file final.cif (mmCIF, C-alpha atoms)
data_model
loop_
_atom_site.label_atom_id
_atom_site.label_comp_id
_atom_site.auth_asym_id
_atom_site.auth_seq_id
_atom_site.Cartn_x
_atom_site.Cartn_y
_atom_site.Cartn_z
CA ASN A 907 33.52 43.16 10.13
CA GLY A 908 36.64 41.56 8.72
CA GLN A 909 35.49 37.99 9.38
CA GLU A 910 35.83 35.44 6.62
CA LYS A 911 32.57 34.06 5.24
CA ALA A 912 32.00 30.33 5.34
CA PRO A 913 32.47 28.71 1.91
CA ILE A 914 29.29 27.90 0.01
CA THR A 915 28.80 24.24 -0.80
CA LEU A 916 27.91 23.87 -4.47
CA GLY A 917 27.92 20.12 -4.85
CA PHE A 918 28.90 16.73 -3.48
CA VAL A 919 30.49 13.92 -5.47
CA LEU A 920 28.74 10.68 -4.42
CA GLY A 921 29.12 6.98 -5.06
CA THR A 922 25.44 6.38 -5.76
CA ARG A 923 24.67 3.71 -8.38
CA LYS A 924 21.50 2.50 -10.08
CA GLY A 925 19.99 -0.25 -7.95
CA ASP A 926 21.07 1.32 -4.66
CA PRO A 927 18.11 1.57 -2.24
CA ASN A 928 18.46 5.36 -2.05
CA CYS A 929 19.04 5.99 -5.76
CA GLY A 930 15.47 6.34 -6.97
CA GLU A 931 15.31 8.19 -10.28
CA GLN A 932 18.53 10.17 -9.81
CA ASN A 933 20.58 11.28 -12.80
CA HIS A 934 24.28 12.12 -13.01
CA PHE A 935 23.50 15.66 -11.81
CA GLU A 936 20.62 15.77 -9.32
CA PRO A 937 19.53 18.75 -7.16
CA SER A 938 19.18 18.03 -3.46
CA SER A 939 15.80 17.07 -2.01
CA GLU A 940 13.43 19.80 -0.82
CA TRP A 941 14.11 19.11 2.84
CA MET A 942 17.88 19.54 2.34
CA PRO A 943 19.96 22.70 1.90
CA PRO A 944 20.38 23.50 -1.81
CA PHE A 945 23.31 21.75 -3.48
CA MET A 946 24.01 19.55 -6.48
CA ARG A 947 24.43 15.77 -6.13
CA ILE A 948 27.09 14.60 -8.60
CA ASN A 949 26.92 10.89 -9.43
CA PRO A 950 29.85 10.01 -11.75
CA ILE A 951 29.51 6.22 -11.37
CA LEU A 952 25.72 6.08 -11.53
CA LYS A 953 25.64 3.46 -14.29
CA TRP A 954 28.67 1.46 -13.21
CA ASP A 955 28.21 -2.17 -12.22
CA TYR A 956 29.99 -3.93 -9.38
CA GLY A 957 32.78 -5.20 -11.63
CA GLN A 958 33.53 -1.76 -13.07
CA VAL A 959 33.80 -0.31 -9.56
CA TRP A 960 36.37 -2.89 -8.51
CA ARG A 961 38.35 -2.66 -11.74
CA PHE A 962 38.73 1.09 -11.16
CA ILE A 963 39.64 0.70 -7.47
CA LEU A 964 42.36 -1.85 -8.23
CA TRP A 965 43.65 0.05 -11.28
CA ALA A 966 43.93 3.48 -9.60
CA PRO A 967 44.78 2.09 -7.00
CA LEU A 968 42.51 3.47 -4.28
CA ALA A 969 42.41 2.70 -0.56
CA TYR A 970 39.33 0.85 0.68
CA PRO A 971 38.08 -0.65 3.98
CA SER A 972 39.85 -3.89 4.92
CA LEU A 973 36.47 -5.60 5.37
CA TYR A 974 36.31 -5.95 1.59
CA ASP A 975 39.32 -8.28 1.79
CA ARG A 976 37.51 -10.46 4.33
CA GLY A 977 34.43 -11.44 2.31
CA TYR A 978 32.24 -8.35 2.71
CA THR A 979 30.82 -6.89 -0.51
CA SER A 980 28.29 -4.32 0.77
CA LEU A 981 28.65 -2.38 4.02
CA GLY A 982 25.70 -1.13 6.06
CA GLY A 983 25.10 -1.15 9.79
CA THR A 984 26.63 -3.56 12.29
CA HIS A 985 23.26 -5.31 12.62
CA ASP A 986 22.68 -6.06 8.93
CA THR A 987 26.11 -6.58 7.35
CA TRP A 988 27.70 -10.02 7.00
CA GLU A 989 30.24 -11.80 4.83
CA ASN A 990 28.88 -12.58 1.37
CA PRO A 991 28.01 -16.32 1.39
CA HIS A 992 28.97 -16.57 -2.29
CA LEU A 993 32.60 -15.86 -1.36
CA LYS A 994 32.87 -18.56 1.30
CA CYS A 995 35.71 -21.06 0.86
CA PRO A 996 35.67 -24.78 1.80
CA ASP A 997 37.99 -24.06 4.74
CA GLY A 998 35.48 -21.55 6.21
CA GLY A 999 37.37 -18.46 5.10
CA TYR A 1000 36.22 -15.89 2.54
CA LEU A 1001 37.60 -14.58 -0.74
CA PRO A 1002 38.06 -10.80 -1.19
CA ALA A 1003 35.18 -8.79 -2.58
CA HIS A 1004 36.71 -8.18 -6.00
CA LEU A 1005 36.60 -11.95 -6.74
CA LEU A 1006 32.79 -12.16 -6.62
CA SER A 1007 31.90 -13.86 -9.92
CA ASP A 1008 28.20 -12.89 -10.10
CA TRP A 1009 28.11 -9.11 -9.70
CA SER A 1010 24.34 -9.09 -9.14
CA LEU A 1011 24.96 -10.76 -5.75
CA GLU A 1012 26.91 -7.89 -4.19
CA ARG A 1013 24.22 -7.29 -1.55
CA SER A 1014 23.85 -10.95 -0.54
CA GLY A 1015 25.63 -10.24 2.73
CA ARG A 1016 23.05 -7.66 3.77
CA SER A 1017 20.15 -8.87 5.92
CA ALA A 1018 18.45 -7.98 9.18
CA ARG A 1019 19.88 -11.11 10.77
CA ARG A 1020 22.15 -13.98 9.74
CA VAL A 1021 20.11 -16.70 8.04
CA SER A 1022 21.02 -19.95 6.33
CA SER A 1023 18.24 -19.75 3.74
CA VAL A 1024 15.54 -17.48 2.47
CA ASP A 1025 12.55 -19.85 2.35
CA CYS A 1026 10.30 -17.08 1.08
CA GLU A 1027 10.94 -15.11 4.25
CA LEU A 1028 10.21 -11.38 4.23
CA GLN A 1029 13.20 -9.50 5.56
CA MET A 1030 13.73 -5.85 6.35
CA ILE A 1031 15.52 -4.17 3.44
CA ASP A 1032 16.30 -0.85 5.03
CA ASP A 1033 17.81 0.40 8.28
CA GLY A 1034 14.60 2.03 9.45
CA GLY A 1035 12.93 -1.13 10.71
CA PHE A 1036 10.12 -0.76 8.17
CA ARG A 1037 7.06 -2.93 8.76
CA VAL A 1038 4.55 -3.96 6.11
CA GLU A 1039 1.59 -2.87 8.22
CA GLU A 1040 2.96 0.70 8.11
CA ALA A 1041 3.05 0.77 4.30
CA LYS A 1042 1.24 3.60 2.53
CA THR A 1043 2.29 3.16 -1.10
CA VAL A 1044 2.56 0.08 -3.29
CA GLY A 1045 4.03 -0.72 -6.68
CA LEU A 1046 2.88 -3.50 -9.00
CA VAL A 1047 5.14 -5.37 -11.44
CA VAL A 1048 3.16 -7.45 -13.95
CA VAL A 1049 5.32 -10.01 -15.75
CA GLY A 1050 4.41 -11.71 -19.01
CA ASP A 1051 5.13 -11.63 -22.73
CA GLU A 1052 1.57 -12.77 -23.36
CA ILE A 1053 0.21 -9.53 -21.88
CA LEU A 1054 2.57 -7.27 -23.83
CA LYS A 1055 1.65 -9.10 -27.05
CA GLY A 1056 -2.08 -8.82 -26.36
CA ARG A 1057 -2.63 -12.57 -26.22
CA THR A 1058 -3.89 -12.51 -22.63
CA CYS A 1059 -6.08 -9.97 -20.89
CA ASP A 1060 -4.51 -8.60 -17.71
CA THR A 1061 -7.14 -9.27 -15.06
CA ASN A 1062 -4.69 -9.22 -12.15
CA THR A 1063 -4.12 -5.46 -12.21
CA PRO A 1064 -7.75 -4.36 -11.65
CA PHE A 1065 -8.18 -7.08 -9.02
CA ALA A 1066 -5.03 -6.02 -7.17
CA THR A 1067 -5.95 -2.34 -7.45
CA SER A 1068 -9.29 -2.92 -5.73
CA LYS A 1069 -7.64 -4.92 -2.94
CA PHE A 1070 -5.01 -2.22 -2.36
CA ARG A 1071 -7.78 0.38 -2.14
CA GLU A 1072 -9.67 -1.74 0.40
CA VAL A 1073 -6.71 -1.71 2.80
CA GLY A 1074 -5.96 2.00 2.26
CA MET A 1075 -2.79 1.66 0.20
CA ARG A 1076 -2.11 4.04 -2.68
CA LEU A 1077 -1.01 2.35 -5.90
CA LYS A 1078 1.93 4.48 -7.00
CA ARG A 1079 3.21 2.65 -10.06
CA ILE A 1080 2.18 -0.18 -12.41
CA SER A 1081 4.63 -1.69 -14.88
CA VAL A 1082 4.26 -4.52 -17.36
CA VAL A 1083 7.57 -6.19 -18.25
CA PRO A 1084 8.52 -9.15 -20.47
CA ASP A 1085 9.72 -12.55 -19.24
CA ILE A 1086 13.31 -11.30 -19.22
CA GLU A 1087 15.14 -11.58 -15.92
CA ASP A 1088 17.23 -8.41 -16.31
CA ASP A 1089 14.14 -6.33 -17.13
CA ILE A 1090 12.28 -7.67 -14.09
CA VAL A 1091 15.27 -7.00 -11.81
CA GLU A 1092 15.59 -3.42 -13.07
CA GLU A 1093 11.89 -2.67 -12.55
CA ILE A 1094 11.76 -4.23 -9.08
CA ARG A 1095 14.77 -2.18 -7.97
CA ARG A 1096 13.20 0.96 -9.39
CA GLN A 1097 9.95 0.39 -7.52
CA VAL A 1098 11.67 -0.66 -4.26
CA SER A 1099 13.40 2.72 -4.21
CA SER A 1100 10.12 4.65 -4.38
CA CYS A 1101 7.35 2.41 -2.98
CA ASP A 1102 6.81 1.00 0.50
CA VAL A 1103 5.74 -2.39 -0.86
CA VAL A 1104 6.29 -4.00 -4.27
CA VAL A 1105 3.99 -6.78 -5.53
CA THR A 1106 4.79 -8.98 -8.53
CA SER A 1107 2.27 -10.83 -10.69
CA GLY A 1108 3.11 -13.53 -13.22
CA GLY A 1109 6.15 -15.59 -14.11
CA LEU A 1110 5.82 -18.07 -11.24
CA GLY A 1111 4.98 -21.23 -13.18
CA PRO A 1112 7.09 -24.30 -14.03
CA THR A 1113 8.17 -23.37 -17.56
CA HIS A 1114 11.56 -22.09 -18.71
CA ASP A 1115 10.34 -18.50 -19.07
CA ASP A 1116 8.99 -18.25 -15.52
CA VAL A 1117 11.90 -16.33 -14.01
CA THR A 1118 10.20 -13.95 -11.56
CA LEU A 1119 11.51 -15.71 -8.44
CA TYR A 1120 15.08 -15.55 -9.70
CA ALA A 1121 14.65 -11.88 -10.58
CA VAL A 1122 13.23 -10.98 -7.15
CA ALA A 1123 16.15 -12.75 -5.45
CA ARG A 1124 18.67 -10.84 -7.59
CA ALA A 1125 16.94 -7.51 -7.13
CA LEU A 1126 16.97 -7.86 -3.32
CA GLY A 1127 20.37 -9.53 -3.04
CA GLN A 1128 18.97 -12.83 -1.72
CA ARG A 1129 19.78 -16.48 -2.46
CA MET A 1130 17.42 -18.99 -4.00
CA VAL A 1131 16.96 -22.16 -1.93
CA GLN A 1132 14.62 -25.12 -2.05
CA ASN A 1133 11.65 -24.84 0.29
CA ALA A 1134 11.43 -28.25 1.98
CA GLU A 1135 7.83 -27.68 3.12
CA MET A 1136 6.70 -26.89 -0.42
CA VAL A 1137 8.58 -29.90 -1.85
CA ASN A 1138 6.89 -32.23 0.63
CA LEU A 1139 3.50 -30.71 -0.17
CA ILE A 1140 3.98 -31.29 -3.90
CA ARG A 1141 5.11 -34.85 -3.34
CA GLU A 1142 2.09 -35.57 -1.16
CA LYS A 1143 -0.27 -34.07 -3.76
CA LYS A 1144 1.34 -36.22 -6.43
CA ARG A 1145 1.04 -39.34 -4.25
CA LEU A 1146 -2.67 -38.70 -3.64
CA ARG A 1147 -3.27 -38.15 -7.36
CA VAL A 1148 -1.54 -41.42 -8.26
CA CYS A 1149 -3.57 -43.27 -5.62
CA ALA A 1150 -6.81 -41.76 -6.97
CA GLU A 1151 -5.95 -42.75 -10.55
CA LYS A 1152 -5.25 -46.31 -9.48
CA GLY A 1153 -8.63 -46.42 -7.76
#

call {"tool": "encode", "arguments": {"input": "final.cif", "output": "structure tokens"}}
result
Amino acid sequence: NGQEKAPITLGFVLGTRKGDPNCGEQNHFEPSSEWMPPFMRINPILKWDYGQVWRFILWAPLAYPSLYDRGYTSLGGTHDTWENPHLKCPDGGYLPAHLLSDWSLERSGRSARRVSSVDCELQMIDDGGFRVEEAKTVGLVVVGDEILKGRTCDTNTPFATSKFREVGMRLKRISVVPDIEDDIVEEIRRQVSSCDVVVTSGGLGPTHDDVTLYAVARALGQRMVQNAEMVNLIREKKRLRVCAEKG
């Protein structure tokens, strides 16, 4: 009929990186999901870290949103995007995004609402308003060199599995990782991208190799703060113990 046919889309070049909430198990070349039209997702910077991204942007140079010069390091919706607290200056202003010294904190400005501390508070980590009571799948991250070396029997996994089954949640993935912060961060991010809820076990004691809390904070882009309520509880327990020992 003489009409030109619409061009066929073969692929899209994306900025997806490992650790992004929507990355999952994507590779550099990843076919579209079943519910999408067929095309190829091309992820050239999949394994780049935050620093590599900014080095390339400044070297090219490439244009970028002005918000990145005003303390923002990760942009989402207007309800969950704030200046990164790790870029705040004494005068109340903010450094530009490319001066963030700890690249693992790039998502520290993303939260459901502005907060001054974490205090073990569960926050929404996606834009869909997900609630824990709606969860259907769960992932379990077991932390401990002693388990990998066979020195300690893992009794937490069967116990947790039975409890998940009781509340109707499907255990989708179990991973045992060493007491290495980077390994824990990587596994948490992997499970967050594919499971509704992620539970960690181990690595919460007082010794130097108990790094699970730090890893969870890094993986979710949160800050570690001292929980005043817990500190007071520990002090009171210690006071009562001393009093009991003195008779």

call {"tool": "closest_residue", "arguments": {"input": "final.cif", "among": "A:Phe1070, A:Phe935, A:Trp1009, A:Trp954", "to": "Lys1042 (chain A)", "atoms": "all atoms listed in the file"}}
result
A:Phe1070

call {"tool": "closest_residue", "arguments": {"input": "final.cif", "among": "A:Leu1005, A:Leu1110, A:Leu1077, A:Met942", "to": "His992 (chain A)", "atoms": "all atoms listed in the file"}}
result
A:Leu1005

call {"tool": "closest_residue", "arguments": {"input": "final.cif", "among": "A:Gly917, A:Gly1015, A:Gly982, A:Pro927", "to": "Pro944 (chain A)", "atoms": "only C-alpha atoms"}}
result
A:Gly917

call {"tool": "closest_residue", "arguments": {"input": "final.cif", "among": "A:Gln1097, A:Ser1068, A:Ser972, A:Ser1014", "to": "Thr987 (chain A)", "atoms": "only C-alpha atoms"}}
result
A:Ser1014

call {"tool": "closest_residue", "arguments": {"input": "final.cif", "among": "A:Asp1008, A:Glu940, A:Asp926, A:Asp1089", "to": "Leu952 (chain A)", "atoms": "all atoms listed in the file"}}
result
A:Asp926

call {"tool": "decode", "arguments": {"input": "final.cif", "residues": "region 1077-1111 of chain A", "atoms": "N, CA, C and O atoms", "output": "short mmCIF file (atom, residue, chain, number, x, y, z; two decimals), in the first residue's frame"}}
result
data_model
loop_
_atom_site.label_atom_id
_atom_site.label_comp_id
_atom_site.auth_asym_id
_atom_site.auth_seq_id
_atom_site.Cartn_x
_atom_site.Cartn_y
_atom_site.Cartn_z
N LEU A 1077 10.14 -20.49 50.63
CA LEU A 1077 11.58 -20.23 50.70
C LEU A 1077 12.17 -20.40 49.31
O LEU A 1077 12.21 -21.50 48.77
N LYS A 1078 12.65 -19.31 48.74
CA LYS A 1078 13.10 -19.31 47.35
C LYS A 1078 14.59 -19.55 47.21
O LYS A 1078 15.05 -20.11 46.22
N ARG A 1079 15.35 -19.14 48.21
CA ARG A 1079 16.81 -19.27 48.10
C ARG A 1079 17.45 -19.31 49.48
O ARG A 1079 17.05 -18.59 50.38
N ILE A 1080 18.44 -20.20 49.65
CA ILE A 1080 19.25 -20.26 50.86
C ILE A 1080 20.71 -20.16 50.45
O ILE A 1080 21.16 -20.87 49.55
N SER A 1081 21.45 -19.27 51.11
CA SER A 1081 22.87 -19.13 50.82
C SER A 1081 23.65 -19.08 52.12
O SER A 1081 23.22 -18.45 53.08
N VAL A 1082 24.78 -19.75 52.13
CA VAL A 1082 25.70 -19.68 53.27
C VAL A 1082 26.94 -18.93 52.81
O VAL A 1082 27.58 -19.32 51.83
N VAL A 1083 27.27 -17.85 53.50
CA VAL A 1083 28.39 -16.99 53.09
C VAL A 1083 29.35 -16.82 54.26
O VAL A 1083 28.97 -16.95 55.42
N PRO A 1084 30.62 -16.53 53.98
CA PRO A 1084 31.61 -16.35 55.05
C PRO A 1084 31.43 -15.01 55.75
O PRO A 1084 30.65 -14.16 55.32
N ASP A 1085 32.19 -14.81 56.82
CA ASP A 1085 32.15 -13.56 57.58
C ASP A 1085 32.96 -12.48 56.85
O ASP A 1085 33.88 -11.88 57.42
N ILE A 1086 32.61 -12.24 55.61
CA ILE A 1086 33.28 -11.23 54.79
C ILE A 1086 32.22 -10.24 54.33
O ILE A 1086 31.25 -10.62 53.66
N GLU A 1087 32.40 -8.98 54.69
CA GLU A 1087 31.36 -7.98 54.46
C GLU A 1087 30.95 -7.89 52.99
O GLU A 1087 29.76 -7.84 52.67
N ASP A 1088 31.91 -7.86 52.08
CA ASP A 1088 31.59 -7.73 50.65
C ASP A 1088 30.75 -8.90 50.15
O ASP A 1088 29.83 -8.72 49.35
N ASP A 1089 31.07 -10.11 50.63
CA ASP A 1089 30.30 -11.30 50.22
C ASP A 1089 28.86 -11.23 50.73
O ASP A 1089 27.92 -11.60 50.02
N ILE A 1090 28.70 -10.76 51.96
CA ILE A 1090 27.36 -10.65 52.53
C ILE A 1090 26.55 -9.60 51.77
O ILE A 1090 25.38 -9.82 51.44
N VAL A 1091 27.17 -8.46 51.49
CA VAL A 1091 26.50 -7.39 50.73
C VAL A 1091 26.03 -7.90 49.38
O VAL A 1091 24.88 -7.69 48.97
N GLU A 1092 26.91 -8.59 48.67
CA GLU A 1092 26.57 -9.10 47.33
C GLU A 1092 25.39 -10.06 47.39
O GLU A 1092 24.48 -9.98 46.55
N GLU A 1093 25.39 -10.97 48.38
CA GLU A 1093 24.31 -11.96 48.46
C GLU A 1093 22.99 -11.31 48.88
O GLU A 1093 21.93 -11.67 48.35
N ILE A 1094 23.04 -10.36 49.79
CA ILE A 1094 21.81 -9.67 50.19
C ILE A 1094 21.19 -8.94 49.00
O ILE A 1094 19.98 -9.01 48.75
N ARG A 1095 22.02 -8.23 48.24
CA ARG A 1095 21.52 -7.51 47.06
C ARG A 1095 20.93 -8.47 46.03
O ARG A 1095 19.92 -8.18 45.41
N ARG A 1096 21.57 -9.62 45.87
CA ARG A 1096 21.06 -10.60 44.92
C ARG A 1096 19.69 -11.11 45.35
O ARG A 1096 18.77 -11.23 44.53
N GLN A 1097 19.53 -11.39 46.65
CA GLN A 1097 18.26 -11.92 47.12
C GLN A 1097 17.18 -10.83 47.17
O GLN A 1097 16.00 -11.12 46.90
N VAL A 1098 17.54 -9.61 47.49
CA VAL A 1098 16.57 -8.51 47.51
C VAL A 1098 15.93 -8.32 46.15
O VAL A 1098 14.76 -7.98 46.03
N SER A 1099 16.71 -8.57 45.09
CA SER A 1099 16.20 -8.37 43.74
C SER A 1099 15.24 -9.46 43.29
O SER A 1099 14.53 -9.29 42.31
N SER A 1100 15.18 -10.58 44.03
CA SER A 1100 14.33 -11.69 43.58
C SER A 1100 13.37 -12.22 44.64
O SER A 1100 12.49 -13.00 44.32
N CYS A 1101 13.52 -11.79 45.89
CA CYS A 1101 12.66 -12.28 46.97
C CYS A 1101 11.91 -11.12 47.61
O CYS A 1101 12.42 -10.00 47.68
N ASP A 1102 10.71 -11.39 48.09
CA ASP A 1102 9.93 -10.36 48.76
C ASP A 1102 10.56 -9.94 50.09
O ASP A 1102 10.54 -8.77 50.46
N VAL A 1103 11.08 -10.92 50.82
CA VAL A 1103 11.68 -10.67 52.12
C VAL A 1103 13.01 -11.42 52.18
O VAL A 1103 13.13 -12.53 51.67
N VAL A 1104 14.02 -10.80 52.79
CA VAL A 1104 15.31 -11.45 52.98
C VAL A 1104 15.62 -11.49 54.48
O VAL A 1104 15.53 -10.46 55.16
N VAL A 1105 15.95 -12.67 54.98
CA VAL A 1105 16.27 -12.87 56.40
C VAL A 1105 17.74 -13.27 56.51
O VAL A 1105 18.22 -14.11 55.75
N THR A 1106 18.45 -12.65 57.45
CA THR A 1106 19.84 -13.03 57.69
C THR A 1106 19.94 -13.78 59.02
O THR A 1106 19.16 -13.55 59.94
N SER A 1107 20.93 -14.65 59.10
CA SER A 1107 21.17 -15.43 60.32
C SER A 1107 22.67 -15.50 60.55
O SER A 1107 23.43 -15.89 59.67
N GLY A 1108 23.11 -15.07 61.74
CA GLY A 1108 24.52 -15.14 62.07
C GLY A 1108 25.24 -13.81 61.88
O GLY A 1108 24.77 -12.91 61.18
N GLY A 1109 26.39 -13.70 62.53
CA GLY A 1109 27.22 -12.52 62.37
C GLY A 1109 26.73 -11.30 63.11
O GLY A 1109 27.02 -10.16 62.72
N LEU A 1110 25.99 -11.50 64.21
CA LEU A 1110 25.43 -10.36 64.95
C LEU A 1110 26.01 -10.24 66.35
O LEU A 1110 25.46 -9.52 67.19
N GLY A 1111 27.11 -10.92 66.62
CA GLY A 1111 27.71 -10.88 67.95
C GLY A 1111 28.64 -9.70 68.15
O GLY A 1111 28.71 -8.79 67.33
#
